[in-house]
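J.: Quick one, data-v1.txt (compact mmCIF, C-alpha atoms (C1' of nucleotides)):
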```txt
# COMPACT_ATOMS: atom_id res chain seq x y z
CA MET O 996 16.68 -6.78 -24.01
CA GLU O 997 17.27 -9.53 -21.51
CA THR O 998 14.97 -8.07 -18.88
CA ARG O 999 12.12 -7.47 -21.27
CA THR O 1000 12.11 -11.11 -22.29
CA ALA O 1001 12.27 -12.24 -18.68
CA LEU O 1002 9.27 -10.06 -17.92
CA LEU O 1003 7.31 -11.50 -20.83
CA ASP O 1004 8.19 -15.03 -19.79
CA SER O 1005 7.12 -14.48 -16.21
CA ALA O 1006 3.94 -12.67 -17.23
CA GLU O 1007 2.99 -15.36 -19.71
CA ARG O 1008 3.40 -18.09 -17.14
CA ALA O 1009 1.34 -16.15 -14.60
CA ALA O 1010 -1.39 -15.22 -17.07
CA ARG O 1011 -1.78 -18.76 -18.30
CA GLN O 1012 -1.79 -20.17 -14.80
CA ARG O 1013 -3.94 -17.70 -12.94
CA GLY O 1014 -5.29 -15.19 -15.45
CA PHE O 1015 -4.15 -11.78 -16.63
CA ASP O 1016 -5.78 -9.86 -13.79
CA ALA O 1017 -4.53 -12.28 -11.18
CA PHE O 1018 -0.91 -11.20 -11.29
CA SER O 1019 0.46 -7.80 -10.50
CA TYR O 1020 3.53 -5.79 -11.38
CA ALA O 1021 4.65 -6.57 -7.85
CA ASP O 1022 4.55 -10.30 -8.54
CA LEU O 1023 6.41 -9.77 -11.77
CA ALA O 1024 9.04 -7.62 -10.10
CA ARG O 1025 9.63 -10.23 -7.40
CA ASP O 1026 9.91 -12.97 -9.96
CA VAL O 1027 12.32 -11.21 -12.28
CA GLY O 1028 14.34 -9.52 -9.55
CA ILE O 1029 13.70 -5.92 -10.42
CA ARG O 1030 11.76 -3.06 -8.80
CA LYS O 1031 8.08 -2.72 -9.54
CA ALA O 1032 8.44 0.72 -11.09
CA SER O 1033 11.11 -0.45 -13.50
CA ILE O 1034 8.60 -2.61 -15.28
CA HIS O 1035 6.83 0.53 -16.43
CA TYR O 1036 9.95 1.44 -18.37
CA HIS O 1037 9.44 -1.61 -20.58
CA PHE O 1038 5.64 -1.67 -20.50
CA PRO O 1039 4.22 1.74 -19.51
CA LEU O 1040 0.70 0.36 -19.10
CA LYS O 1041 -0.35 -3.13 -18.23
CA ALA O 1042 -2.31 -3.06 -21.49
CA ASP O 1043 1.03 -2.72 -23.30
CA LEU O 1044 2.21 -5.86 -21.57
CA ALA O 1045 -0.93 -7.70 -22.67
CA PHE O 1046 -0.40 -6.63 -26.25
CA ALA O 1047 3.22 -7.70 -26.34
CA LEU O 1048 2.26 -10.98 -24.71
CA VAL O 1049 -0.37 -11.90 -27.27
CA ASP O 1050 1.81 -10.65 -30.10
CA ARG O 1051 4.65 -12.95 -29.20
CA TYR O 1052 2.37 -15.88 -28.42
CA ALA O 1053 0.32 -15.66 -31.62
CA ALA O 1054 3.47 -15.53 -33.70
CA ARG O 1055 4.84 -18.59 -31.95
CA ILE O 1056 1.68 -20.61 -32.53
CA ALA O 1057 1.43 -19.46 -36.14
CA ASP O 1058 4.97 -20.71 -36.68
CA GLN O 1059 4.14 -24.06 -35.20
CA LEU O 1060 1.03 -24.39 -37.34
CA THR O 1061 2.83 -23.60 -40.57
CA GLU O 1062 5.52 -26.04 -39.56
CA ILE O 1063 2.86 -28.73 -39.18
CA SER O 1064 1.44 -27.70 -42.54
CA ASN O 1065 4.78 -27.91 -44.26
CA THR O 1066 5.73 -31.25 -42.82
CA ASP O 1067 4.97 -33.97 -45.28
CA THR O 1068 2.62 -36.10 -43.17
CA PRO O 1069 -0.88 -37.46 -43.72
CA VAL O 1070 -3.79 -35.17 -42.85
CA ALA O 1071 -4.75 -37.31 -39.87
CA GLU O 1072 -1.27 -36.79 -38.49
CA LYS O 1073 -1.57 -33.03 -38.84
CA LEU O 1074 -4.79 -33.05 -36.84
CA ARG O 1075 -3.18 -35.19 -34.17
CA ALA O 1076 -0.33 -32.69 -34.06
CA PHE O 1077 -2.82 -29.85 -33.60
CA VAL O 1078 -4.47 -31.60 -30.67
CA ALA O 1079 -1.07 -32.42 -29.21
CA LEU O 1080 -0.08 -28.77 -29.51
CA TYR O 1081 -2.96 -27.71 -27.29
CA GLY O 1082 -2.45 -30.67 -24.99
CA HIS O 1083 1.22 -29.98 -24.57
CA ALA O 1084 0.53 -26.30 -23.93
CA MET O 1085 -1.22 -27.30 -20.74
CA ALA O 1086 1.99 -28.27 -18.97
CA ASN O 1087 0.47 -31.00 -16.84
CA GLY O 1088 -2.86 -29.29 -16.40
CA THR O 1089 -1.52 -26.15 -14.77
CA GLN O 1090 -1.74 -23.79 -17.73
CA LEU O 1091 -4.08 -22.69 -20.47
CA CYS O 1092 -3.37 -21.46 -23.94
CA LEU O 1093 -2.64 -17.77 -23.41
CA CYS O 1094 -5.51 -16.68 -25.61
CA VAL O 1095 -7.97 -18.94 -23.84
CA ALA O 1096 -6.81 -17.50 -20.54
CA LEU O 1097 -7.22 -13.94 -21.75
CA SER O 1098 -10.60 -14.65 -23.34
CA ALA O 1099 -11.87 -15.81 -19.98
CA GLY O 1100 -11.32 -12.39 -18.48
CA ARG O 1101 -12.02 -10.35 -21.57
CA ASP O 1102 -13.74 -7.42 -19.89
CA SER O 1103 -10.57 -6.02 -18.43
CA LEU O 1104 -8.76 -5.99 -21.75
CA SER O 1105 -8.10 -3.05 -24.03
CA GLU O 1106 -9.64 -2.85 -27.46
CA PRO O 1107 -6.44 -3.60 -29.39
CA VAL O 1108 -5.81 -6.75 -27.37
CA LEU O 1109 -9.39 -7.86 -27.92
CA ALA O 1110 -8.85 -7.46 -31.64
CA GLN O 1111 -5.67 -9.52 -31.45
CA LEU O 1112 -7.58 -12.27 -29.69
CA THR O 1113 -10.29 -12.36 -32.33
CA GLN O 1114 -7.64 -12.49 -35.01
CA PHE O 1115 -5.89 -15.37 -33.28
CA HIS O 1116 -9.11 -17.37 -33.16
CA GLU O 1117 -9.81 -16.63 -36.80
CA ASP O 1118 -6.32 -17.71 -37.83
CA CYS O 1119 -6.63 -20.98 -35.97
CA ALA O 1120 -10.04 -21.66 -37.49
CA ALA O 1121 -8.75 -20.85 -40.96
CA TRP O 1122 -5.83 -23.23 -40.55
CA LEU O 1123 -8.19 -25.97 -39.41
CA ARG O 1124 -10.59 -25.35 -42.28
CA GLN O 1125 -7.75 -25.84 -44.70
CA VAL O 1126 -6.69 -29.09 -43.04
CA PHE O 1127 -10.24 -30.44 -42.93
CA THR O 1128 -10.69 -29.57 -46.58
CA ALA O 1129 -7.64 -31.68 -47.35
CA ALA O 1130 -9.20 -34.44 -45.26
CA GLN O 1131 -12.28 -34.22 -47.40
CA GLU O 1132 -10.18 -35.26 -50.36
CA ASP O 1133 -8.24 -38.14 -48.88
CA GLY O 1134 -10.94 -39.41 -46.51
CA SER O 1135 -8.72 -39.52 -43.46
CA VAL O 1136 -11.44 -38.43 -41.04
CA ILE O 1137 -14.33 -40.78 -40.37
CA GLY O 1138 -17.78 -39.25 -40.76
CA LEU O 1139 -16.45 -35.90 -41.87
CA ALA O 1140 -18.91 -33.01 -41.95
CA ASP O 1141 -18.50 -29.63 -43.63
CA PRO O 1142 -14.85 -28.54 -43.07
CA LYS O 1143 -16.05 -25.17 -41.79
CA ASN O 1144 -18.21 -26.80 -39.12
CA GLU O 1145 -15.54 -29.31 -38.21
CA ALA O 1146 -13.03 -26.50 -37.76
CA ASP O 1147 -15.29 -24.47 -35.47
CA ALA O 1148 -16.12 -27.58 -33.47
CA LEU O 1149 -12.55 -28.74 -33.01
CA LEU O 1150 -11.40 -25.32 -31.88
CA ALA O 1151 -14.18 -25.17 -29.30
CA LEU O 1152 -13.40 -28.71 -28.27
CA VAL O 1153 -9.73 -28.16 -27.51
CA GLU O 1154 -10.42 -24.91 -25.69
CA GLY O 1155 -13.19 -26.42 -23.60
CA ALA O 1156 -11.06 -29.44 -22.85
CA GLN O 1157 -8.27 -27.17 -21.63
CA LEU O 1158 -10.65 -25.32 -19.35
CA ILE O 1159 -12.02 -28.49 -17.82
CA ALA O 1160 -8.61 -30.05 -17.38
CA ARG O 1161 -7.14 -27.01 -15.67
CA ALA O 1162 -10.18 -26.62 -13.44
CA ALA O 1163 -9.32 -30.02 -12.01
CA LYS O 1164 -5.56 -29.56 -12.48
CA ASP O 1165 -5.46 -32.85 -14.36
CA VAL O 1166 -4.30 -33.15 -17.97
CA ARG O 1167 -5.94 -36.52 -18.31
CA LEU O 1168 -9.30 -34.77 -18.57
CA PHE O 1169 -7.99 -33.06 -21.69
CA ASP O 1170 -7.02 -36.37 -23.21
CA ARG O 1171 -10.34 -37.89 -22.26
CA ALA O 1172 -12.28 -35.11 -23.95
CA MET O 1173 -10.25 -35.66 -27.11
CA THR O 1174 -10.44 -39.45 -27.42
CA ALA O 1175 -13.72 -39.52 -29.32
CA PHE O 1176 -12.33 -37.11 -31.92
CA LEU O 1177 -8.97 -38.84 -32.22
CA ALA O 1178 -10.78 -42.13 -32.77
CA ARG O 1179 -12.26 -40.68 -35.94
CA LEU O 1180 -8.81 -40.23 -37.47
CA ALA O 1181 -7.47 -42.83 -39.83
CA ALA O 1182 -4.47 -44.73 -38.48
CA THR O 1183 -1.15 -43.66 -39.94
CA GLU O 1184 0.67 -46.68 -41.32
CA MET O 1185 4.18 -47.12 -40.13
CA THR O 1186 6.31 -47.06 -43.25
CA MET P 1105 -34.93 -13.07 2.18
CA GLU P 1106 -35.65 -10.45 -0.46
CA THR P 1107 -32.27 -8.74 -0.24
CA ARG P 1108 -30.31 -11.96 -0.15
CA THR P 1109 -31.92 -13.11 -3.38
CA ALA P 1110 -31.32 -9.77 -5.02
CA LEU P 1111 -27.67 -10.02 -4.04
CA LEU P 1112 -27.37 -13.51 -5.47
CA ASP P 1113 -29.05 -12.43 -8.69
CA SER P 1114 -26.79 -9.45 -9.14
CA ALA P 1115 -23.68 -11.44 -8.24
CA GLU P 1116 -24.57 -14.24 -10.61
CA ARG P 1117 -25.07 -11.86 -13.50
CA ALA P 1118 -21.78 -10.12 -12.76
CA ALA P 1119 -19.83 -13.34 -12.30
CA ARG P 1120 -21.12 -14.83 -15.52
CA GLN P 1121 -20.50 -11.67 -17.46
CA ARG P 1122 -17.14 -10.57 -16.16
CA GLY P 1123 -15.86 -13.25 -13.77
CA PHE P 1124 -16.02 -13.73 -10.04
CA ASP P 1125 -13.01 -11.55 -9.28
CA ALA P 1126 -14.11 -8.81 -11.61
CA PHE P 1127 -16.99 -7.58 -9.49
CA SER P 1128 -16.72 -6.14 -6.00
CA TYR P 1129 -19.00 -5.75 -3.02
CA ALA P 1130 -19.12 -2.09 -3.98
CA ASP P 1131 -20.59 -2.97 -7.39
CA LEU P 1132 -23.06 -5.29 -5.77
CA ALA P 1133 -24.10 -2.65 -3.26
CA ARG P 1134 -24.64 -0.09 -5.98
CA ASP P 1135 -26.65 -2.52 -8.04
CA VAL P 1136 -28.90 -3.72 -5.23
CA GLY P 1137 -29.25 -0.35 -3.51
CA ILE P 1138 -27.71 -1.19 -0.17
CA ARG P 1139 -24.52 -0.22 1.63
CA LYS P 1140 -21.37 -2.21 0.97
CA ALA P 1141 -20.97 -3.30 4.59
CA SER P 1142 -24.49 -4.64 4.74
CA ILE P 1143 -23.61 -7.34 2.25
CA HIS P 1144 -21.34 -8.84 4.86
CA TYR P 1145 -24.41 -9.47 7.00
CA HIS P 1146 -25.69 -11.91 4.35
CA PHE P 1147 -22.34 -13.18 3.10
CA PRO P 1148 -19.58 -12.54 5.67
CA LEU P 1149 -16.85 -13.54 3.24
CA LYS P 1150 -16.86 -13.35 -0.52
CA ALA P 1151 -16.15 -17.07 -0.43
CA ASP P 1152 -19.54 -17.52 1.23
CA LEU P 1153 -21.14 -15.70 -1.66
CA ALA P 1154 -19.35 -17.95 -4.14
CA PHE P 1155 -20.56 -21.03 -2.33
CA ALA P 1156 -24.17 -19.90 -2.21
CA LEU P 1157 -23.96 -18.90 -5.85
CA VAL P 1158 -22.76 -22.28 -7.08
CA ASP P 1159 -25.13 -24.07 -4.74
CA ARG P 1160 -28.17 -22.35 -6.18
CA TYR P 1161 -26.93 -22.62 -9.75
CA ALA P 1162 -26.06 -26.31 -9.61
CA ALA P 1163 -29.45 -27.13 -8.14
CA ARG P 1164 -31.19 -25.18 -10.89
CA ILE P 1165 -29.27 -26.98 -13.65
CA ALA P 1166 -29.79 -30.36 -12.01
CA ASP P 1167 -33.53 -29.68 -11.99
CA GLN P 1168 -33.51 -28.79 -15.64
CA LEU P 1169 -31.54 -31.90 -16.54
CA THR P 1170 -33.88 -34.25 -14.67
CA GLU P 1171 -36.79 -32.49 -16.29
CA ILE P 1172 -35.28 -33.23 -19.69
CA SER P 1173 -34.69 -36.81 -18.58
CA ASN P 1174 -38.25 -37.25 -17.42
CA THR P 1175 -39.84 -35.76 -20.50
CA ASP P 1176 -40.88 -38.49 -22.87
CA THR P 1177 -38.91 -37.47 -25.95
CA PRO P 1178 -36.45 -39.28 -28.20
CA VAL P 1179 -32.82 -39.36 -27.11
CA ALA P 1180 -31.79 -37.05 -29.94
CA GLU P 1181 -34.25 -34.49 -28.62
CA LYS P 1182 -32.76 -34.69 -25.14
CA LEU P 1183 -29.30 -33.97 -26.51
CA ARG P 1184 -30.65 -31.05 -28.50
CA ALA P 1185 -32.23 -29.80 -25.28
CA PHE P 1186 -28.90 -30.08 -23.49
CA VAL P 1187 -27.14 -28.04 -26.15
CA ALA P 1188 -29.98 -25.53 -26.12
CA LEU P 1189 -29.65 -25.24 -22.34
CA TYR P 1190 -26.04 -24.13 -22.65
CA GLY P 1191 -26.82 -21.98 -25.65
CA HIS P 1192 -29.68 -20.23 -23.94
CA ALA P 1193 -27.57 -19.69 -20.82
CA MET P 1194 -25.40 -17.38 -22.88
CA ALA P 1195 -28.00 -14.66 -23.10
CA ASN P 1196 -26.94 -13.36 -26.50
CA GLY P 1197 -23.28 -14.03 -26.00
CA THR P 1198 -22.84 -11.88 -22.93
CA GLN P 1199 -22.75 -14.56 -20.27
CA LEU P 1200 -21.15 -17.89 -19.51
CA CYS P 1201 -22.45 -20.81 -17.54
CA LEU P 1202 -21.60 -19.83 -13.93
CA CYS P 1203 -19.40 -22.85 -13.44
CA VAL P 1204 -17.46 -22.20 -16.62
CA ALA P 1205 -16.94 -18.63 -15.49
CA LEU P 1206 -15.70 -19.70 -12.07
CA SER P 1207 -13.47 -22.42 -13.51
CA ALA P 1208 -11.71 -19.81 -15.57
CA GLY P 1209 -10.48 -18.03 -12.45
CA ARG P 1210 -10.13 -21.04 -10.25
CA ASP P 1211 -7.05 -19.92 -8.35
CA SER P 1212 -8.89 -17.34 -6.31
CA LEU P 1213 -11.54 -19.78 -5.12
CA SER P 1214 -11.82 -21.48 -1.77
CA GLU P 1215 -11.48 -25.24 -1.44
CA PRO P 1216 -15.19 -25.93 -0.83
CA VAL P 1217 -16.21 -24.01 -3.93
CA LEU P 1218 -13.60 -25.87 -5.96
CA ALA P 1219 -15.11 -29.12 -4.76
CA GLN P 1220 -18.58 -27.93 -5.75
CA LEU P 1221 -17.30 -27.12 -9.21
CA THR P 1222 -15.75 -30.55 -9.67
CA GLN P 1223 -18.99 -32.12 -8.51
CA PHE P 1224 -20.99 -30.06 -10.97
CA HIS P 1225 -18.82 -31.20 -13.85
CA GLU P 1226 -19.07 -34.79 -12.74
CA ASP P 1227 -22.86 -34.59 -12.48
CA CYS P 1228 -23.16 -33.15 -15.97
CA ALA P 1229 -20.85 -35.80 -17.39
CA ALA P 1230 -22.79 -38.54 -15.63
CA TRP P 1231 -26.07 -37.26 -17.03
CA LEU P 1232 -24.61 -37.18 -20.51
CA ARG P 1233 -23.16 -40.68 -20.17
CA GLN P 1234 -26.59 -41.95 -19.34
CA VAL P 1235 -28.16 -40.22 -22.33
CA PHE P 1236 -25.47 -41.45 -24.72
CA THR P 1237 -25.91 -44.95 -23.38
CA ALA P 1238 -29.58 -44.73 -24.26
CA ALA P 1239 -28.54 -43.48 -27.69
CA GLN P 1240 -26.41 -46.57 -28.08
CA GLU P 1241 -29.57 -48.64 -27.88
CA ASP P 1242 -31.82 -46.74 -30.24
CA GLY P 1243 -29.14 -45.54 -32.66
CA SER P 1244 -30.19 -41.92 -32.62
CA VAL P 1245 -26.64 -40.57 -32.86
CA ILE P 1246 -24.72 -41.11 -36.07
CA GLY P 1247 -21.25 -42.61 -35.66
CA LEU P 1248 -21.60 -42.97 -31.91
CA ALA P 1249 -18.43 -43.75 -29.97
CA ASP P 1250 -18.11 -44.97 -26.39
CA PRO P 1251 -20.76 -43.10 -24.34
CA LYS P 1252 -18.13 -42.12 -21.80
CA ASN P 1253 -15.96 -40.50 -24.46
CA GLU P 1254 -18.93 -38.86 -26.12
CA ALA P 1255 -20.00 -37.37 -22.80
CA ASP P 1256 -16.57 -35.92 -22.01
CA ALA P 1257 -16.33 -34.54 -25.53
CA LEU P 1258 -19.74 -32.90 -25.58
CA LEU P 1259 -19.19 -31.26 -22.22
CA ALA P 1260 -15.87 -29.82 -23.39
CA LEU P 1261 -17.48 -28.78 -26.65
CA VAL P 1262 -20.31 -26.74 -25.11
CA GLU P 1263 -17.97 -25.10 -22.62
CA GLY P 1264 -15.41 -24.23 -25.25
CA ALA P 1265 -18.12 -22.94 -27.54
CA GLN P 1266 -19.40 -20.68 -24.77
CA LEU P 1267 -15.92 -19.30 -24.18
CA ILE P 1268 -15.35 -18.53 -27.84
CA ALA P 1269 -18.77 -16.99 -28.32
CA ARG P 1270 -18.45 -14.72 -25.31
CA ALA P 1271 -14.94 -13.69 -26.28
CA ALA P 1272 -16.44 -12.22 -29.44
CA LYS P 1273 -19.75 -11.31 -27.77
CA ASP P 1274 -21.58 -13.22 -30.48
CA VAL P 1275 -23.85 -16.21 -29.78
CA ARG P 1276 -23.68 -17.29 -33.37
CA LEU P 1277 -20.20 -18.61 -32.72
CA PHE P 1278 -21.72 -20.97 -30.18
CA ASP P 1279 -24.22 -22.23 -32.70
CA ARG P 1280 -21.54 -22.62 -35.32
CA ALA P 1281 -19.39 -24.72 -33.02
CA MET P 1282 -22.35 -26.98 -32.35
CA THR P 1283 -23.63 -27.56 -35.90
CA ALA P 1284 -21.36 -30.50 -36.65
CA PHE P 1285 -22.53 -32.29 -33.52
CA LEU P 1286 -26.20 -31.50 -34.03
CA ALA P 1287 -25.97 -32.84 -37.56
CA ARG P 1288 -25.11 -36.23 -36.11
CA LEU P 1289 -28.49 -36.41 -34.35
CA ALA P 1290 -31.34 -38.30 -35.95
CA ALA P 1291 -34.22 -36.11 -37.04
CA THR P 1292 -37.22 -36.25 -34.73
CA GLU P 1293 -40.29 -37.14 -36.77
CA MET P 1294 -43.23 -34.85 -36.28
CA THR P 1295 -46.00 -37.10 -34.98
C1' DC K 1428 41.27 12.62 -28.28
C1' DG K 1429 38.20 14.38 -24.65
C1' DG K 1430 34.53 16.57 -22.80
C1' DA K 1431 29.50 17.49 -23.20
C1' DA K 1432 25.18 15.77 -24.06
C1' DT K 1433 22.17 12.16 -24.26
C1' DC K 1434 20.26 7.62 -23.69
C1' DT K 1435 19.18 3.20 -21.07
C1' DA K 1436 17.80 0.96 -17.31
C1' DT K 1437 17.11 1.10 -13.04
C1' DC K 1438 16.09 3.03 -8.39
C1' DT K 1439 13.21 5.28 -4.14
C1' DA K 1440 9.17 7.30 -2.79
C1' DT K 1441 4.65 8.26 -3.26
C1' DC K 1442 0.26 8.90 -5.60
C1' DA K 1443 -4.93 8.13 -5.81
C1' DC K 1444 -7.85 4.49 -5.64
C1' DT K 1445 -10.09 0.05 -4.73
C1' DA K 1446 -10.31 -4.38 -2.57
C1' DG K 1447 -12.46 -7.26 1.18
C1' DG K 1448 -13.45 -6.91 5.86
C1' DT K 1449 -14.63 -5.03 10.77
C1' DA K 1450 -16.65 -2.33 14.83
C1' DG K 1451 -20.27 -0.38 16.68
C1' DG K 1452 -24.54 2.25 16.45
C1' DC K 1453 -29.46 3.05 14.95
C1' DC K 1454 -34.17 1.81 14.06
C1' DG K 1455 -38.47 -0.56 13.34
C1' DC K 1456 -41.10 -4.44 14.49
C1' DA K 1457 -42.80 -8.77 17.02
C1' DT F 788 -37.39 -5.49 25.08
C1' DG F 789 -34.70 -7.84 21.92
C1' DC F 790 -33.11 -8.66 17.65
C1' DG F 791 -32.92 -8.68 12.56
C1' DG F 792 -31.30 -5.79 9.08
C1' DC F 793 -29.15 -2.07 7.82
C1' DC F 794 -26.25 1.95 8.54
C1' DT F 795 -21.74 5.14 9.09
C1' DA F 796 -17.09 5.11 9.57
C1' DC F 797 -13.05 2.97 9.44
C1' DC F 798 -8.96 -0.35 8.59
C1' DT F 799 -5.33 -2.85 6.16
C1' DA F 800 -3.40 -4.40 2.19
C1' DG F 801 -3.17 -4.26 -1.99
C1' DT F 802 -3.51 -2.10 -7.20
C1' DG F 803 -1.45 0.36 -11.43
C1' DA F 804 0.84 4.43 -12.25
C1' DT F 805 3.89 8.68 -11.72
C1' DA F 806 7.77 11.85 -10.39
C1' DG F 807 12.29 12.54 -9.96
C1' DA F 808 16.93 10.93 -9.29
C1' DT F 809 21.03 8.16 -10.50
C1' DA F 810 24.87 5.18 -12.42
C1' DG F 811 26.80 3.85 -16.43
C1' DA F 812 27.06 3.57 -21.52
C1' DT F 813 27.10 5.65 -25.88
C1' DT F 814 27.32 9.23 -29.18
C1' DC F 815 28.49 13.67 -31.11
C1' DC F 816 31.52 17.29 -32.01
C1' DG F 817 35.32 20.77 -31.65
```
What do you get writing this file as structure tokens?
T.:
Amino acid sequence: METRTALLDSAERAARQRGFDAFSYADLARDVGIRKASIHYHFPLKADLAFALVDRYAARIADQLTEISNTDTPVAEKLRAFVALYGHAMANGTQLCLCVALSAGRDSLSEPVLAQLTQFHEDCAAWLRQVFTAAQEDGSVIGLADPKNEADALLALVEGAQLIARAAKDVRLFDRAMTAFLARLAATEMT
Amino acid sequence: METRTALLDSAERAARQRGFDAFSYADLARDVGIRKASIHYHFPLKADLAFALVDRYAARIADQLTEISNTDTPVAEKLRAFVALYGHAMANGTQLCLCVALSAGRDSLSEPVLAQLTQFHEDCAAWLRQVFTAAQEDGSVIGLADPKNEADALLALVEGAQLIARAAKDVRLFDRAMTAFLARLAATEMT
DNA sequence: CGGAATCTATCTATCACTAGGTAGGCCGCA
DNA sequence: TGCGGCCTACCTAGTGATAGATAGATTCCG
């Protein structure tokens, strides 16, 4: 089980740094310290690797989102946590969210993986819709529009900000792209 | 000159649809109706192709932006035109802005091309800053923040929206991601 | 208990194919 | 005649994937 996890870890790092098509089984083998052919034991096709990768990643993010949901904090704080989640995922501007990275090279992906990706996006949007709806009730977002539109916009915003920041290998571009949005959030009083 | 242009056209389409690394000289040759080796006469290295591609593209966009600037329309209309420019560039959700597409696979690009890309982003941001500054004076954007922050945010927003829309091959996702922003723009009275 | 069968995880070696790139020749036109 | 533009033929270095073997556990059964 150890090896499989090591492979997933290495593949995830590579995919988020350089793209799914930009690393090979040879790279993976070198990194993990195993022969190239042995990888096929764990993941017969590279498409299988992609599937396992997204599966694990989506679950991880979903967990983090429900954790944010369950924490008893103001709505504004939850939105800040969401932005921080994407910001932190960048690891100093060297990496993208796995699903953003895969979306960028979508044409080489298998149908099941594509479906996973769509699902991931939908789940994120749904979570955001719910949070923005809560914001509608407690007025914690300045100039709030329709929660559905706000959700779609924020998702696009964080993904675009990631892309721009990694293109320049500079996380600060991510932060800069987010400042206008963060400024719309009501300050959380220190209790 | 004929062949060179045809090559650029084909390469641009391919790069924006599937990414710069996802098409080969063989694809290009097939598409243009020429032998693979002959492409090297026009573009000795694939990096040369990338450079020429971005060069032509950036110039085209710059032209369109100055044209928008020079047209005597309200600020809100200029911003709508900017959004429409990115939206139209998607060609029904099948393509990305060339520079977004190249940014996504940045690690395989040569240093000069990387510099071009950074420059392109900076130029776009600068143009937007200028427009948002004008908006500051005539109040055509509701809830306007610092023009610098607004510019960075809008750029990230359109790029992220493109990514999401193409991932699902559906332009409507682009439009959806933009509705909240467009709603902040003052209506242009019909004169 | 002990041997036979089976499974796991890895190996070496090689496959067919594609990538970008090069060398050198051919041909039509100014 | 010279050269721009294209060709055929080839090269090297990869790619993902497969075949077949092996060492070492584990499991099943008489």
J.: Residues of chain O within 10 Å of chain K: nearest atom pair and distance (Å, one decimal) for each, counting only C-alpha atoms (C1' of nucleotides), sorted by chain and number, as a Markdown table?
T.:
```
| residue | atom | partner | partner_atom | distance |
| --- | --- | --- | --- | --- |
| O:Thr998 | CA | K:DA1436 | C1' | 9.6 |
| O:Ile1029 | CA | K:DT1437 | C1' | 8.2 |
| O:Arg1030 | CA | K:DC1438 | C1' | 7.5 |
| O:Lys1031 | CA | K:DC1438 | C1' | 9.9 |
| O:Ala1032 | CA | K:DC1438 | C1' | 8.4 |
| O:Ser1033 | CA | K:DT1437 | C1' | 6.2 |
| O:Ile1034 | CA | K:DT1437 | C1' | 9.5 |
| O:Tyr1036 | CA | K:DA1436 | C1' | 7.9 |
| O:His1037 | CA | K:DA1436 | C1' | 9.3 |
```
J.: Hey, which bits of range 1024-1137 of chain O sit within 10 Å of range 792-809 of chain F, and for each residue what's the closest pair of atoms and how far apart in Å (one decimal), counting all atoms listed in the file, rows by chain and increasing number, as a Markdown table?
T.:
```
| residue | atom | partner | partner_atom | distance |
| --- | --- | --- | --- | --- |
| O:Ala1032 | CA | F:DA804 | C1' | 8.5 |
| O:His1035 | CA | F:DA804 | C1' | 8.3 |
| O:Pro1039 | CA | F:DA804 | C1' | 8.4 |
| O:Leu1040 | CA | F:DG803 | C1' | 8.0 |
| O:Lys1041 | CA | F:DG803 | C1' | 7.7 |
```
J.: Residues of chain O within 9 Å of chain P, counting only C-alpha atoms - could you list those as number ranges by chain?
T.: O: 1012-1014, 1016-1017, 1095-1103, 1109, 1112-1113, 1116, 1137-1141, 1143-1159, 1161-1163, 1168-1169, 1171-1176, 1178
J.: Between CA of Ser1214 in chain P and CA of Ala1151 in chain P, what is the spacing in Å?
T.: 6.3 Å
J.: Can you sort out the box for range 1429-1445 of chain K, edges along x, y and z, all listed atoms in, 5 Å on every side, with centre and edge lengths in Å to one decimal, as JSON?
T.:
```
{"center_x": 14.1, "center_y": 8.8, "center_z": -13.7, "size_x": 58.3, "size_y": 27.4, "size_z": 31.9}
```
J.: What does the structure give for the distance between CA of Leu1157 in chain P and CA of Trp1231 in chain P, in Å to one decimal?
T.: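 Rounded to one decimal, the two atoms are 21.6 Å apart.
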J.: Could you work out how far CA of Gln1090 in chain O lies from CA of Arg1011 in chain O, giving the answer in Å with one decimal?
T.: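 Atom-to-atom, CA of Arg1011 in chain O to CA of Gln1090 in chain O, that is 5.1 Å.
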J.: Could you list, as a PyMOL selection string, every residue within 7 Å of range 1069-1086 of chain O, counting all atoms listed in the file and ignoring same-chain residues fewer than 3 positions away?
T.: chain O and resi 1063+1089-1092+1126+1129-1130+1135-1136+1153+1169+1180-1181
